[in-house]
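Okay, data00.txt is below, compact mmCIF, C-alpha atoms:
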```txt
# COMPACT_ATOMS: atom_id res chain seq x y z
CA MET U 7 19.92 -65.35 14.94
CA THR U 8 20.40 -61.64 14.26
CA VAL U 9 21.48 -62.40 10.70
CA ASP U 10 18.29 -64.43 10.15
CA ILE U 11 16.13 -61.47 11.29
CA ILE U 12 17.96 -59.05 8.96
CA LYS U 13 17.47 -61.43 6.04
CA LYS U 14 13.77 -61.68 6.79
CA ILE U 15 13.47 -57.88 6.96
CA LYS U 16 15.29 -57.45 3.64
CA ARG U 17 12.96 -59.87 1.88
CA ARG U 18 9.86 -57.93 2.90
CA GLU U 19 8.40 -55.49 0.33
CA GLY U 20 7.58 -52.11 1.85
CA VAL U 21 8.59 -48.51 2.52
CA THR U 22 11.52 -47.72 4.70
CA LEU U 23 11.51 -44.95 7.29
CA ILE U 24 13.93 -42.87 5.22
CA GLU U 25 11.68 -43.08 2.15
CA LEU U 26 8.69 -42.13 4.25
CA LEU U 27 10.55 -39.12 5.68
CA LEU U 28 11.68 -38.01 2.19
CA VAL U 29 8.13 -38.18 0.77
CA SER U 30 6.72 -36.38 3.80
CA SER U 31 9.32 -33.61 3.47
CA MET U 32 8.52 -33.17 -0.23
CA MET U 33 4.77 -32.95 0.51
CA VAL U 34 5.42 -30.31 3.19
CA LEU U 35 7.55 -28.25 0.78
CA ILE U 36 4.88 -28.44 -1.95
CA GLY U 37 2.19 -27.48 0.58
CA VAL U 38 4.21 -24.48 1.81
CA ALA U 39 4.76 -23.30 -1.79
CA VAL U 40 1.04 -23.57 -2.66
CA TYR U 41 0.09 -21.77 0.57
CA GLY U 42 2.64 -19.02 -0.17
CA VAL U 43 1.25 -18.39 -3.66
CA PHE U 44 -2.34 -18.39 -2.38
CA SER U 45 -1.47 -16.07 0.52
CA LEU U 46 0.37 -13.65 -1.80
CA ALA U 47 -2.57 -13.51 -4.22
CA LEU U 48 -4.99 -12.87 -1.36
CA ASN U 49 -2.75 -10.14 0.06
CA VAL U 50 -2.46 -8.38 -3.32
CA TYR U 51 -6.24 -8.52 -3.81
CA SER U 52 -6.80 -7.14 -0.31
CA ARG U 53 -4.35 -4.28 -0.94
CA ILE U 54 -6.06 -3.38 -4.22
CA GLU U 55 -9.48 -3.27 -2.55
CA THR U 56 -8.18 -1.30 0.44
CA GLY U 57 -6.32 1.06 -1.86
CA LYS U 58 -9.50 1.86 -3.80
CA SER U 59 -11.44 2.45 -0.61
CA GLY U 60 -8.69 4.46 1.05
CA SER U 61 -8.10 6.68 -1.96
CA ASP U 62 -11.80 7.61 -2.16
CA ILE U 63 -11.82 8.62 1.51
CA VAL U 64 -8.62 10.63 1.13
CA VAL U 65 -9.99 12.48 -1.93
CA PHE U 66 -13.16 13.33 0.01
CA SER U 67 -11.21 14.54 3.05
CA GLU U 68 -8.93 16.66 0.84
CA LYS U 69 -11.93 18.29 -0.85
CA LEU U 70 -13.47 19.10 2.53
CA ALA U 71 -10.12 20.40 3.82
CA ASP U 72 -9.82 22.64 0.76
CA ASP U 73 -13.29 24.09 1.39
CA LEU U 74 -12.53 24.63 5.08
CA ARG U 75 -9.32 26.48 4.23
CA ASN U 76 -11.45 28.98 2.30
CA LEU U 77 -14.13 29.31 4.97
CA ARG U 78 -15.54 32.80 5.62
CA PRO U 79 -15.47 33.13 9.45
CA PHE U 80 -17.39 36.41 9.68
CA PRO U 81 -20.70 36.71 11.61
CA GLU U 82 -22.77 37.38 8.48
CA PHE U 83 -21.62 34.01 7.07
CA ASP U 84 -22.98 31.48 9.56
CA PHE U 85 -21.51 28.04 10.29
CA ASN U 86 -23.65 25.09 11.37
CA GLY U 87 -21.99 21.81 12.30
CA THR U 88 -23.61 18.54 13.41
CA PRO U 89 -22.33 14.95 13.66
CA ASP U 90 -23.90 14.20 10.25
CA GLY U 91 -22.64 17.22 8.32
CA MET U 92 -21.96 20.92 8.16
CA THR U 93 -22.93 24.08 6.31
CA PHE U 94 -20.63 27.07 5.84
CA HIS U 95 -19.64 29.81 3.39
CA VAL U 96 -16.47 29.77 1.29
CA ASN U 97 -14.58 32.44 -0.58
CA ASN U 98 -14.31 31.51 -4.27
CA ALA U 99 -12.38 34.65 -5.23
CA ARG U 100 -9.10 32.73 -5.57
CA TYR U 101 -10.57 30.95 -8.61
CA LEU U 102 -11.27 34.29 -10.32
CA ILE U 103 -8.76 36.52 -12.09
CA SER U 104 -10.66 39.73 -11.36
CA PRO U 105 -13.94 40.64 -9.56
CA SER U 106 -15.69 41.08 -12.92
CA ASP U 107 -15.05 37.41 -13.70
CA ALA U 108 -17.77 36.48 -11.20
CA GLU U 109 -20.40 37.66 -13.70
CA THR U 110 -18.92 35.95 -16.77
CA SER U 111 -17.68 32.71 -15.20
CA GLY U 112 -20.84 31.90 -13.27
CA VAL U 113 -18.76 31.28 -10.13
CA PRO U 114 -19.98 33.56 -7.31
CA PRO U 115 -17.23 35.09 -5.12
CA VAL U 116 -18.96 33.72 -2.01
CA SER U 117 -21.02 30.55 -1.93
CA ARG U 118 -22.55 28.30 0.72
CA VAL U 119 -21.31 24.71 0.90
CA GLU U 120 -23.15 21.86 2.59
CA TYR U 121 -21.72 18.43 3.41
CA SER U 122 -24.27 15.90 4.65
CA TYR U 123 -24.17 12.18 5.40
CA GLU U 124 -27.03 10.35 3.66
CA PRO U 125 -27.78 7.00 5.39
CA SER U 126 -30.00 5.85 2.50
CA PHE U 127 -26.96 5.17 0.30
CA ASP U 128 -24.25 5.36 2.96
CA GLY U 129 -22.50 8.37 1.49
CA ILE U 130 -21.59 12.05 1.72
CA VAL U 131 -23.24 14.61 -0.57
CA ARG U 132 -21.73 18.04 -1.25
CA ARG U 133 -24.21 20.76 -2.22
CA THR U 134 -23.19 24.25 -3.31
CA TYR U 135 -25.52 27.25 -3.16
CA LYS U 136 -25.11 30.74 -4.52
CA TYR U 137 -25.08 33.26 -1.69
CA GLY U 138 -28.66 34.05 -0.68
CA HIS U 139 -30.25 31.22 -2.72
CA ARG U 140 -32.12 28.20 -1.37
CA GLU U 141 -31.75 25.84 -4.32
CA PRO U 142 -28.30 24.28 -4.91
CA TYR U 143 -26.59 24.88 -8.22
CA SER U 144 -24.28 21.89 -7.73
CA VAL U 145 -24.93 18.50 -6.07
CA THR U 146 -22.10 15.94 -5.95
CA THR U 147 -21.66 12.60 -4.18
CA VAL U 148 -18.13 12.89 -2.79
CA LEU U 149 -18.04 9.57 -0.89
CA SER U 150 -20.20 6.47 -1.13
CA GLY U 151 -20.36 3.01 0.40
CA GLU U 152 -17.43 3.39 2.81
CA GLY U 153 -19.37 3.46 6.08
CA GLN U 154 -20.88 6.03 8.39
CA VAL U 155 -19.13 9.40 8.47
CA LEU U 156 -19.16 11.44 11.68
CA PHE U 157 -17.88 14.97 12.26
CA GLY U 158 -16.61 16.62 15.43
CA TYR U 159 -15.62 20.26 16.00
CA VAL U 160 -13.12 22.18 18.09
CA LYS U 161 -14.33 25.60 19.23
CA PRO U 162 -12.20 28.65 18.36
CA GLY U 163 -9.53 29.20 21.00
CA GLU U 164 -9.50 25.56 22.15
CA LYS U 165 -6.63 23.12 21.67
CA LYS U 166 -7.01 20.54 18.92
CA GLY U 167 -6.11 16.88 19.14
CA MET U 168 -7.72 16.04 22.48
CA SER U 169 -11.01 14.16 22.18
CA SER U 170 -12.52 15.97 25.18
CA PHE U 171 -12.51 19.22 23.18
CA PHE U 172 -14.55 17.88 20.25
CA GLU U 173 -18.14 19.13 20.12
CA GLU U 174 -21.01 17.38 18.34
CA HIS U 175 -22.84 20.62 17.52
CA ILE U 176 -21.38 24.03 16.81
CA SER U 177 -22.76 27.27 15.39
CA THR U 178 -19.54 29.26 14.98
CA ALA U 179 -16.59 28.68 12.65
CA PRO U 180 -14.49 25.95 14.34
CA ARG U 181 -10.79 25.81 15.14
CA ALA U 182 -10.60 22.32 13.61
CA VAL U 183 -12.88 19.60 12.25
CA LYS U 184 -12.55 15.87 12.96
CA ILE U 185 -13.61 13.41 10.25
CA GLU U 186 -14.25 9.77 11.19
CA VAL U 187 -15.32 6.97 8.84
CA ILE U 188 -16.78 3.99 10.69
CA ASP U 189 -16.99 0.50 9.19
CA ALA U 190 -20.53 -0.66 9.94
CA GLY U 191 -19.64 -4.37 9.88
CA ALA U 192 -16.55 -4.23 12.07
CA LYS U 193 -17.90 -1.37 14.24
CA LYS U 194 -14.54 0.38 14.22
CA VAL U 195 -13.02 3.60 12.90
CA ILE U 196 -11.22 2.92 9.61
CA PHE U 197 -10.23 6.54 8.90
CA ARG U 198 -9.68 9.56 11.12
CA ARG U 199 -8.40 13.00 10.21
CA ILE U 200 -8.32 16.37 11.98
CA VAL U 201 -8.50 19.30 9.57
CA ASP U 202 -7.29 22.69 10.76
CA VAL U 203 -9.29 25.80 9.88
CA PRO U 204 -6.32 28.20 9.73
CA ILE U 205 -8.22 31.49 9.63
CA THR U 206 -10.06 30.73 12.89
CA GLY U 207 -6.94 29.39 14.64
CA MET U 208 -5.06 32.68 14.51
```

What is this file in structure tokens?
Amino acid sequence: MTVDIIKKIKRREGVTLIELLLVSSMMVLIGVAVYGVFSLALNVYSRIETGKSGSDIVVFSEKLADDLRNLRPFPEFDFNGTPDGMTFHVNNARYLISPSDAETSGVPPVSRVEYSYEPSFDGIVRRTYKYGHREPYSVTTVLSGEGQVLFGYVKPGEKKGMSSFFEEHISTAPRAVKIEVIDAGAKKVIFRRIVDVPITGM
């Protein structure tokens, strides 16, 4: 009787379990390969986009850090810091070979620098003024389309690095400045940096 059943099974046309398992395994392998290629391409694209964004923010923060390193901390050169920007005076003398170069180069030895966040185009504008002048002689967009930028300040003599010490408004040259870039869509901080102002930290 068993032999009759085996003969009947052999005569039937169809797919065996082993064939079905082999085809299923091949489909899984092909699916994993396609997913891997797609995932890699998406990851590379994401890195390129993030790299562009990140490099712009880093260049902006480096420019601001460079200006803050040359800040004039004396009473006659006021500092005004708010969450949306800051105004301060910098010493440009390091760019000049001699004091007389200030007249020929057009670069004043001391100038006022203003960084301000402009919500209209979601960017930071850097304006430079000659000392004692109201109209800027240079206006540059140093960051655009990355999200809201907020600034915080550490008073001279305070420790840096602890959030409780960061002020929203300050009228004296700070010990350090905190830069935060906030992604409006995700509502999270995508970049944070604390810039020391060495001359006021002594």

**Message:** At a cut-off of 8 Å, using only C-alpha atoms, what residues contact stretch 182-197 of chain U? Leave out same-chain residues fewer than 3 positions from it and give the result as a list of chain:residue names.
**Reply:** U:Ile63, U:Ser67, U:Glu152, U:Gly153, U:Gln154, U:Val155, U:Leu156, U:Phe157, U:Gly158, U:Tyr159, U:Val160, U:Lys161, U:Lys166, U:Phe172, U:Ile200, U:Val201, U:Asp202, U:Val203

Limited to C-alpha atoms, could you put the picked residues into a file as a compact mmCIF listing (two decimals), keeping the file's coordinate frame?
```txt
# COMPACT_ATOMS: atom_id res chain seq x y z
CA ILE U 63 -11.82 8.62 1.51
CA SER U 67 -11.21 14.54 3.05
CA GLU U 152 -17.43 3.39 2.81
CA GLY U 153 -19.37 3.46 6.08
CA GLN U 154 -20.88 6.03 8.39
CA VAL U 155 -19.13 9.40 8.47
CA LEU U 156 -19.16 11.44 11.68
CA PHE U 157 -17.88 14.97 12.26
CA GLY U 158 -16.61 16.62 15.43
CA TYR U 159 -15.62 20.26 16.00
CA VAL U 160 -13.12 22.18 18.09
CA LYS U 161 -14.33 25.60 19.23
CA LYS U 166 -7.01 20.54 18.92
CA PHE U 172 -14.55 17.88 20.25
CA ILE U 200 -8.32 16.37 11.98
CA VAL U 201 -8.50 19.30 9.57
CA ASP U 202 -7.29 22.69 10.76
CA VAL U 203 -9.29 25.80 9.88
```

**Message:** Please report the interatomic distance between atom CA of U:Ser122 and atom CA of U:Gly163 in Å with one decimal.
**Reply:** 25.7 Å

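Straight-line separation from atom CA of U:Ile176 to atom CA of U:Lys69: 20.8 Å.
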
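A straight line drawn from atom CA of U:Tyr121 to atom CA of U:Thr88 is 10.2 Å long.
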
**Message:** Give me the residues near stretch 136-148 of chain U as a VMD selection string, where near means some atom within 8 Å (using all atoms listed in the file) and where sequence neighbours in that chain fewer than 6 positions away do not count.
**Reply:** chain U and resid 66 114 116 to 118 129 to 130

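Considering only C-alpha atoms, the residue among U:Asp73, U:Glu124, U:Glu82, U:Asp62 positioned nearest to U:Val96 is U:Asp73.
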